[in-house]
Amino acid sequence: MIEILHAGLLTTVQDRGRPGFRHLGVSPGGAADGDALRLANLLVDNHPAAAVLEFTLTGAAMRFRREALLAVCGSIEIECDGELFQSWRTLRVRRGSTLRLGRVVAGARAYLAIAGGIDVPLVLGSRSTDLRGRFGGYLGRALRAGDRVAAGCATARARRLLARRLHESRRACVAAPWWVTPPDDLEGDYTFLHLLDATHSRGLDRASIRRATHGEWLVSAASDRMGVRFDGVELAFERPPELVSAGTAPGTVQLPPDGRPIVLGVDAQTTGGYPRIAHVIAADLPRLMQLRPGHRVQVVRVTREAAAIAWLARQRTLARMSEAIAGRLSVGES
Amino acid sequence: MGLRENDTRLVIQELGQNALLLTLGERIDAVLSRQAQALARHFAKAGLAGLVDVVPAFASVTLHFDPDVRIMRSRIRALALAALSNRSDTEAGDATPRIVTLPVTYGGDAGIDLESLARFANLDPDTVVARHVAQEYEVAMLGFLPGFAYLMGLDPALAMPRHATPRARVPAGSVAIGGAQTGIYPSDAPGGWQLIGRTDAEMFNASAASPALLSPGDRVRFRAVKSGKSR
């Protein structure tokens, strides 16, 4: 059981999301950074899609009413009973201890996995919070101070690891001596996104095409799980296409009439009617959702083939990391 | 029968790496909407490997795939053309559509934009209500919010552009007009449509076996009830 003492800006329960219900207007949602979700879960021997807590720009303070095996992924300040810890590794907290997650220091979001997963009811096949539909997750809303969140049943291996580490020390929190290297470098305030052309890319006027690819796109403070909004670049069509609402996909770069691009996020509406000027490649979606207000982005146009290769490379990297974690967990057990 | 000249133009576009958008046109009308629904039914039954979502809209169907499957575009095109050439399926629509009647309290606190819409339409509010309940509407698609149904068939005299600045919170059950369409907000949400009334009908319940009250192809009628009597 986790007691929320202070919930931070926006802390929600998220898992892999709920695809399959878009025809009802339900976005798939799920963890904004799906790769961080997967790695956090693997570090505590969970199913890779188990439910975790997602923090936005700031963390939360939590008291653990039982000892717990945890992992924090994302770049965030971690403190437990006066001691500082690093993310991307497993942590064992003693019963009654308080874990304080502070600022997200790089990127926009961080994740806390607990062995056994966050235990909230499955709604439409997922434990993710649908903030717009107000269902799923913890009572369909973001967490608040005073909420109590339960954890599911940890694997036998996770329980053995927990018992072993905690008995070696009297500290409130013990970190594993190894960690994983995050798949994305989120340091600094400058990054890039790879874009595929979309239906209306060619309709942009010449000056806009130049501005889009040579200028920097500035992430706006109005960005959220629905979409990453950009300032600092204004684009226009030669003649704006007239469209009726149609299905949308995460990563689609829409151009509303004000000329400032919006890249659809995991919670985006299932349908929309703005012109589509590009699509962020699938391999870049986790990094897209880690962009924070003020980040400067250079966009790079790539081919379909390059996008497919980037996806395969990303999956290979994650598979290698997963194997390394599994290996470490079994060594830790012996 | 194949597709004739000047017939529906099927265009297939990629939405990034994992989705295809199949468009039949760029306008809102009952014929395109029924074709899109028939196309969606066809794909929902086709059993394509890795197909996770089939989303019908006004004049299109979007297919979302698992990122680890290869999308066979030529096969999808062939399937779509086969579905569209089956005229009995695409043109008639559902022979016996489901008719859903929704009780609505019009005006007052339940429909705070009724007066201004009446002025905009140059009608008195009672006539706006009379014209709104007189029509039988057809659900074209769900989108915007879980369970939000876009209804076709609004009396053109009642059309009014949405608010330039959306309201931060529109209450659940609000019956609203946005441009030439009408719809019902299923949950409290920000929104820019003109609010003319409110229904107590539950439009969406994620825990129900069939979460959305309305599906594409359903017919909808509104019935005016006196304030407070819709419960």
# chains A, B, ... in the order shown; residues from 1 in each chain; ligands from 1
call {"tool": "closest_atom_pairs", "arguments": {"of": "chain B", "to": "chain A", "cutoff": "6 Å", "atoms": "only C-alpha atoms", "output": "JSON lines"}}
result
{"residue": "B:Gly16", "atom": "CA", "partner": "A:His279", "partner_atom": "CA", "distance": 5.2}
{"residue": "B:Glu26", "atom": "CA", "partner": "A:Leu243", "partner_atom": "CA", "distance": 5.6}
{"residue": "B:Val52", "atom": "CA", "partner": "A:Gly20", "partner_atom": "CA", "distance": 5.4}
{"residue": "B:Asp53", "atom": "CA", "partner": "A:Gly20", "partner_atom": "CA", "distance": 4.9}
{"residue": "B:Val55", "atom": "CA", "partner": "A:His23", "partner_atom": "CA", "distance": 4.6}
{"residue": "B:Ala57", "atom": "CA", "partner": "A:Ala246", "partner_atom": "CA", "distance": 5.3}
{"residue": "B:Thr62", "atom": "CA", "partner": "A:Gly247", "partner_atom": "CA", "distance": 5.3}
{"residue": "B:Leu142", "atom": "CA", "partner": "A:Gly25", "partner_atom": "CA", "distance": 5.4}
{"residue": "B:Gly143", "atom": "CA", "partner": "A:Gly25", "partner_atom": "CA", "distance": 4.2}
{"residue": "B:Phe144", "atom": "CA", "partner": "A:Gln269", "partner_atom": "CA", "distance": 5.2}
{"residue": "B:Leu145", "atom": "CA", "partner": "A:Gly25", "partner_atom": "CA", "distance": 5.4}
{"residue": "B:Pro146", "atom": "CA", "partner": "A:Gly25", "partner_atom": "CA", "distance": 4.2}
{"residue": "B:Gly147", "atom": "CA", "partner": "A:Leu24", "partner_atom": "CA", "distance": 5.5}
call {"tool": "write_last_selection", "arguments": {"atoms": "N, CA and C atoms", "output": "PDB file, in the first residue's frame"}}
result
ATOM      1  N   GLY B  16       1.431   8.120 -40.408  1.00  0.00           N
ATOM      2  CA  GLY B  16       2.612   7.597 -39.741  1.00  0.00           C
ATOM      3  C   GLY B  16       2.859   6.158 -40.158  1.00  0.00           C
ATOM      4  N   GLU B  26     -14.493  14.427 -48.847  1.00  0.00           N
ATOM      5  CA  GLU B  26     -14.272  15.429 -47.807  1.00  0.00           C
ATOM      6  C   GLU B  26     -15.540  16.231 -47.565  1.00  0.00           C
ATOM      7  N   VAL B  52      -5.696  -3.396 -34.828  1.00  0.00           N
ATOM      8  CA  VAL B  52      -6.173  -3.202 -33.453  1.00  0.00           C
ATOM      9  C   VAL B  52      -7.367  -2.260 -33.351  1.00  0.00           C
ATOM     10  N   ASP B  53      -7.518  -1.341 -34.297  1.00  0.00           N
ATOM     11  CA  ASP B  53      -8.631  -0.403 -34.227  1.00  0.00           C
ATOM     12  C   ASP B  53      -9.148  -0.099 -35.620  1.00  0.00           C
ATOM     13  N   VAL B  55     -11.728   2.705 -37.170  1.00  0.00           N
ATOM     14  CA  VAL B  55     -12.439   3.910 -36.737  1.00  0.00           C
ATOM     15  C   VAL B  55     -13.177   4.570 -37.893  1.00  0.00           C
ATOM     16  N   ALA B  57     -15.377   7.420 -39.611  1.00  0.00           N
ATOM     17  CA  ALA B  57     -15.663   8.848 -39.387  1.00  0.00           C
ATOM     18  C   ALA B  57     -16.629   9.291 -40.487  1.00  0.00           C
ATOM     19  N   THR B  62     -10.302   4.757 -40.459  1.00  0.00           N
ATOM     20  CA  THR B  62      -8.891   4.679 -40.124  1.00  0.00           C
ATOM     21  C   THR B  62      -8.609   3.303 -39.529  1.00  0.00           C
ATOM     22  N   LEU B 142     -18.395   8.462 -33.792  1.00  0.00           N
ATOM     23  CA  LEU B 142     -18.061   8.810 -32.415  1.00  0.00           C
ATOM     24  C   LEU B 142     -16.634   9.354 -32.421  1.00  0.00           C
ATOM     25  N   GLY B 143     -16.407  10.385 -31.621  1.00  0.00           N
ATOM     26  CA  GLY B 143     -15.064  10.955 -31.546  1.00  0.00           C
ATOM     27  C   GLY B 143     -15.058  12.115 -30.579  1.00  0.00           C
ATOM     28  N   PHE B 144     -13.974  12.842 -30.517  1.00  0.00           N
ATOM     29  CA  PHE B 144     -13.788  13.998 -29.635  1.00  0.00           C
ATOM     30  C   PHE B 144     -13.654  13.572 -28.174  1.00  0.00           C
ATOM     31  N   LEU B 145     -14.665  12.888 -27.632  1.00  0.00           N
ATOM     32  CA  LEU B 145     -14.619  12.380 -26.258  1.00  0.00           C
ATOM     33  C   LEU B 145     -15.150  10.953 -26.298  1.00  0.00           C
ATOM     34  N   PRO B 146     -14.821  10.118 -25.290  1.00  0.00           N
ATOM     35  CA  PRO B 146     -15.437   8.790 -25.254  1.00  0.00           C
ATOM     36  C   PRO B 146     -16.970   8.907 -25.286  1.00  0.00           C
ATOM     37  N   GLY B 147     -17.590   8.307 -26.307  1.00  0.00           N
ATOM     38  CA  GLY B 147     -19.043   8.292 -26.407  1.00  0.00           C
ATOM     39  C   GLY B 147     -19.670   9.523 -27.024  1.00  0.00           C
TER      40      GLY B 147
END
call {"tool": "residues_around", "arguments": {"residues": "segment 155-169 of chain B", "least_positions_apart": "6", "cutoff": "9 Å", "atoms": "only C-alpha atoms", "output": "list in words"}}
result
Leu117, Ala118, Phe120, Ala121, Asn122, Leu123, Val128, Arg131, His132, Ala134, Gln135, Ile177, Gly178, Gly179, Ala180, Gln181, Thr182, Asp188, Ala189, Pro190, Gly191, Gly192, Trp193 and Gln194 of chain B
call {"tool": "atom_distance", "arguments": {"atom1": "atom CA of Val180 of chain A", "atom2": "atom CA of Asp35 of chain A"}}
result
12.5 Å
call {"tool": "atom_distance", "arguments": {"atom1": "atom CA of Met1 of chain A", "atom2": "atom CA of Leu42 of chain A"}}
result
20.2 Å
call {"tool": "residues_around", "arguments": {"residues": "Ala30 of chain B", "least_positions_apart": "5", "cutoff": "9 Å", "atoms": "only C-alpha atoms", "output": "list of chain:residue names"}}
result
B:Gln35, B:Phe58, B:Glu138, B:Ala140, B:Met152, B:Gly153
call {"tool": "select_by_dssp", "arguments": {"residues": "segment 102-173 of chain A", "states": "strand (DSSP E)", "output": "PyMOL selection string"}}
result
chain A and resi 102-114+148-149+173
call {"tool": "residues_around", "arguments": {"residues": "Met72 of chain B", "least_positions_apart": "6", "cutoff": "12 Å", "atoms": "only C-alpha atoms", "output": "list of chain:residue names"}}
result
B:Glu14, B:Asn18, B:Ala19, B:Leu20, B:Leu48, B:Ala49, B:Gly50, B:Leu51, B:Leu63, B:Phe65, B:Ala78, B:Leu79
call {"tool": "write_last_selection", "arguments": {"atoms": "C-alpha atoms", "output": "mmCIF file, in the first residue's frame"}}
result
data_model
loop_
_atom_site.group_PDB
_atom_site.id
_atom_site.type_symbol
_atom_site.label_atom_id
_atom_site.label_comp_id
_atom_site.auth_asym_id
_atom_site.auth_seq_id
_atom_site.Cartn_x
_atom_site.Cartn_y
_atom_site.Cartn_z
ATOM 1 C CA GLU B 14 -0.529 6.702 -44.344
ATOM 2 C CA ASN B 18 1.121 2.202 -37.988
ATOM 3 C CA ALA B 19 -2.140 3.507 -39.397
ATOM 4 C CA LEU B 20 -3.880 3.933 -42.732
ATOM 5 C CA LEU B 48 -6.491 -8.911 -40.516
ATOM 6 C CA ALA B 49 -3.443 -9.803 -38.423
ATOM 7 C CA GLY B 50 -2.336 -6.973 -36.147
ATOM 8 C CA LEU B 51 -5.357 -4.747 -36.842
ATOM 9 C CA LEU B 63 -7.136 1.373 -39.536
ATOM 10 C CA PHE B 65 -2.097 -1.650 -36.654
ATOM 11 C CA ALA B 78 -8.441 -4.769 -52.534
ATOM 12 C CA LEU B 79 -10.521 -5.465 -49.416
#
call {"tool": "select_by_dssp", "arguments": {"residues": "chain B", "states": "helix (DSSP H, G or I)", "output": "ChimeraX atom specification"}}
result
/B:30-46,73-85,87-92,108-110,114-121,125-134,156-158
call {"tool": "residues_around", "arguments": {"residues": "segment 141-157 of chain A", "least_positions_apart": "5", "cutoff": "8 Å", "atoms": "only C-alpha atoms", "output": "list in words"}}
result
Met1, Ile2, Glu3, Ile4, Leu5, His6, Ala7, Leu10, Thr11, Thr12, Val13, Asp45, Asn46, Ile114, Ala115, Gly116, Gly117, Ile118, Asp119, Val120, Thr129, Asp130, Leu131, Arg134, Phe135, Gly136 and Glu333 of chain A
call {"tool": "write_last_selection", "arguments": {"atoms": "N, CA and C atoms", "output": "compact mmCIF listing (two decimals), in the first residue's frame"}}
result
# COMPACT_ATOMS: atom_id res chain seq x y z
N MET A 1 0.85 -1.20 0.00
CA MET A 1 0.00 0.00 0.00
C MET A 1 0.88 1.25 0.00
N ILE A 2 0.58 2.18 -0.91
CA ILE A 2 1.32 3.43 -0.99
C ILE A 2 0.38 4.56 -0.58
N GLU A 3 0.83 5.35 0.38
CA GLU A 3 0.02 6.48 0.79
C GLU A 3 0.62 7.73 0.15
N ILE A 4 -0.22 8.47 -0.57
CA ILE A 4 0.27 9.67 -1.26
C ILE A 4 0.23 10.83 -0.25
N LEU A 5 1.42 11.40 0.03
CA LEU A 5 1.48 12.51 0.98
C LEU A 5 1.37 13.83 0.23
N HIS A 6 1.94 13.84 -0.97
CA HIS A 6 1.93 15.04 -1.79
C HIS A 6 1.97 14.52 -3.23
N ALA A 7 1.05 14.99 -4.07
CA ALA A 7 0.88 14.31 -5.36
C ALA A 7 1.64 14.92 -6.53
N LEU A 10 0.96 16.40 -11.80
CA LEU A 10 0.00 15.51 -12.45
C LEU A 10 0.57 14.09 -12.34
N THR A 11 0.04 13.35 -11.39
CA THR A 11 0.50 11.98 -11.15
C THR A 11 -0.67 11.04 -11.43
N THR A 12 -0.46 10.14 -12.39
CA THR A 12 -1.55 9.24 -12.79
C THR A 12 -1.07 7.80 -12.85
N VAL A 13 -2.02 6.88 -12.76
CA VAL A 13 -1.74 5.46 -12.98
C VAL A 13 -1.79 5.21 -14.48
N ASP A 45 10.84 -6.96 -11.99
CA ASP A 45 10.39 -8.29 -12.39
C ASP A 45 8.89 -8.34 -12.66
N ASN A 46 8.29 -7.22 -13.07
CA ASN A 46 6.87 -7.20 -13.46
C ASN A 46 6.72 -7.58 -14.92
N ILE A 114 6.33 -0.56 -9.07
CA ILE A 114 6.42 -1.31 -7.82
C ILE A 114 6.19 -2.78 -8.15
N ALA A 115 6.97 -3.66 -7.51
CA ALA A 115 6.82 -5.09 -7.79
C ALA A 115 5.37 -5.50 -7.53
N GLY A 116 4.75 -6.13 -8.53
CA GLY A 116 3.34 -6.50 -8.44
C GLY A 116 2.45 -5.55 -9.22
N GLY A 117 2.98 -4.39 -9.54
CA GLY A 117 2.20 -3.41 -10.32
C GLY A 117 1.20 -2.66 -9.46
N ILE A 118 0.78 -1.49 -9.94
CA ILE A 118 -0.25 -0.73 -9.24
C ILE A 118 -1.57 -1.46 -9.47
N ASP A 119 -2.27 -1.72 -8.38
CA ASP A 119 -3.48 -2.53 -8.48
C ASP A 119 -4.73 -1.65 -8.45
N VAL A 120 -5.20 -1.30 -9.63
CA VAL A 120 -6.49 -0.61 -9.76
C VAL A 120 -7.32 -1.46 -10.72
N THR A 129 -5.26 5.70 -16.65
CA THR A 129 -6.21 6.77 -16.34
C THR A 129 -6.59 7.49 -17.62
N ASP A 130 -7.88 7.55 -17.94
CA ASP A 130 -8.35 8.36 -19.06
C ASP A 130 -8.86 9.66 -18.45
N LEU A 131 -8.01 10.69 -18.50
CA LEU A 131 -8.35 11.95 -17.81
C LEU A 131 -9.53 12.65 -18.46
N ARG A 134 -12.58 10.50 -17.76
CA ARG A 134 -12.72 10.34 -16.30
C ARG A 134 -13.02 8.92 -15.88
N PHE A 135 -12.25 7.98 -16.42
CA PHE A 135 -12.39 6.59 -15.96
C PHE A 135 -11.01 5.94 -16.01
N GLY A 136 -10.93 4.74 -15.45
CA GLY A 136 -9.65 4.02 -15.41
C GLY A 136 -8.74 4.60 -14.35
N GLU A 333 19.81 -12.91 -7.46
CA GLU A 333 19.05 -13.86 -6.68
C GLU A 333 19.94 -14.99 -6.16
call {"tool": "residues_around", "arguments": {"residues": "Val100 of chain B", "least_positions_apart": "3", "cutoff": "8 Å", "atoms": "only C-alpha atoms", "output": "number ranges by chain"}}
result
B: 214, 218-221
call {"tool": "residues_around", "arguments": {"residues": "Val105 of chain A", "least_positions_apart": "2", "cutoff": "12 Å", "atoms": "only C-alpha atoms", "output": "list in words"}}
result
Phe55, Thr56, Leu57, Thr58, Gly59, Gly74, Ser75, Ile76, Glu77, Ile78, Gln86, Ser87, Leu101, Gly102, Arg103, Gly107, Ala108, Arg109, Ala110, Leu186, Glu187, Gly188, Asp189, Gln290, Leu291 and Arg292 of chain A
call {"tool": "atom_distance", "arguments": {"atom1": "atom CA of Ala206 of chain B", "atom2": "atom CA of Ala31 of chain A"}}
result
19.3 Å
call {"tool": "closest_residue", "arguments": {"among": "A:Glu83, A:Thr98, A:Arg320, A:Gly294", "to": "Ala221 of chain A", "atoms": "only C-alpha atoms"}}
result
A:Gly294
call {"tool": "closest_residue", "arguments": {"among": "B:Leu22, B:Val133, B:Val69, B:Ile112", "to": "Leu81 of chain B", "atoms": "only C-alpha atoms"}}
result
B:Leu22
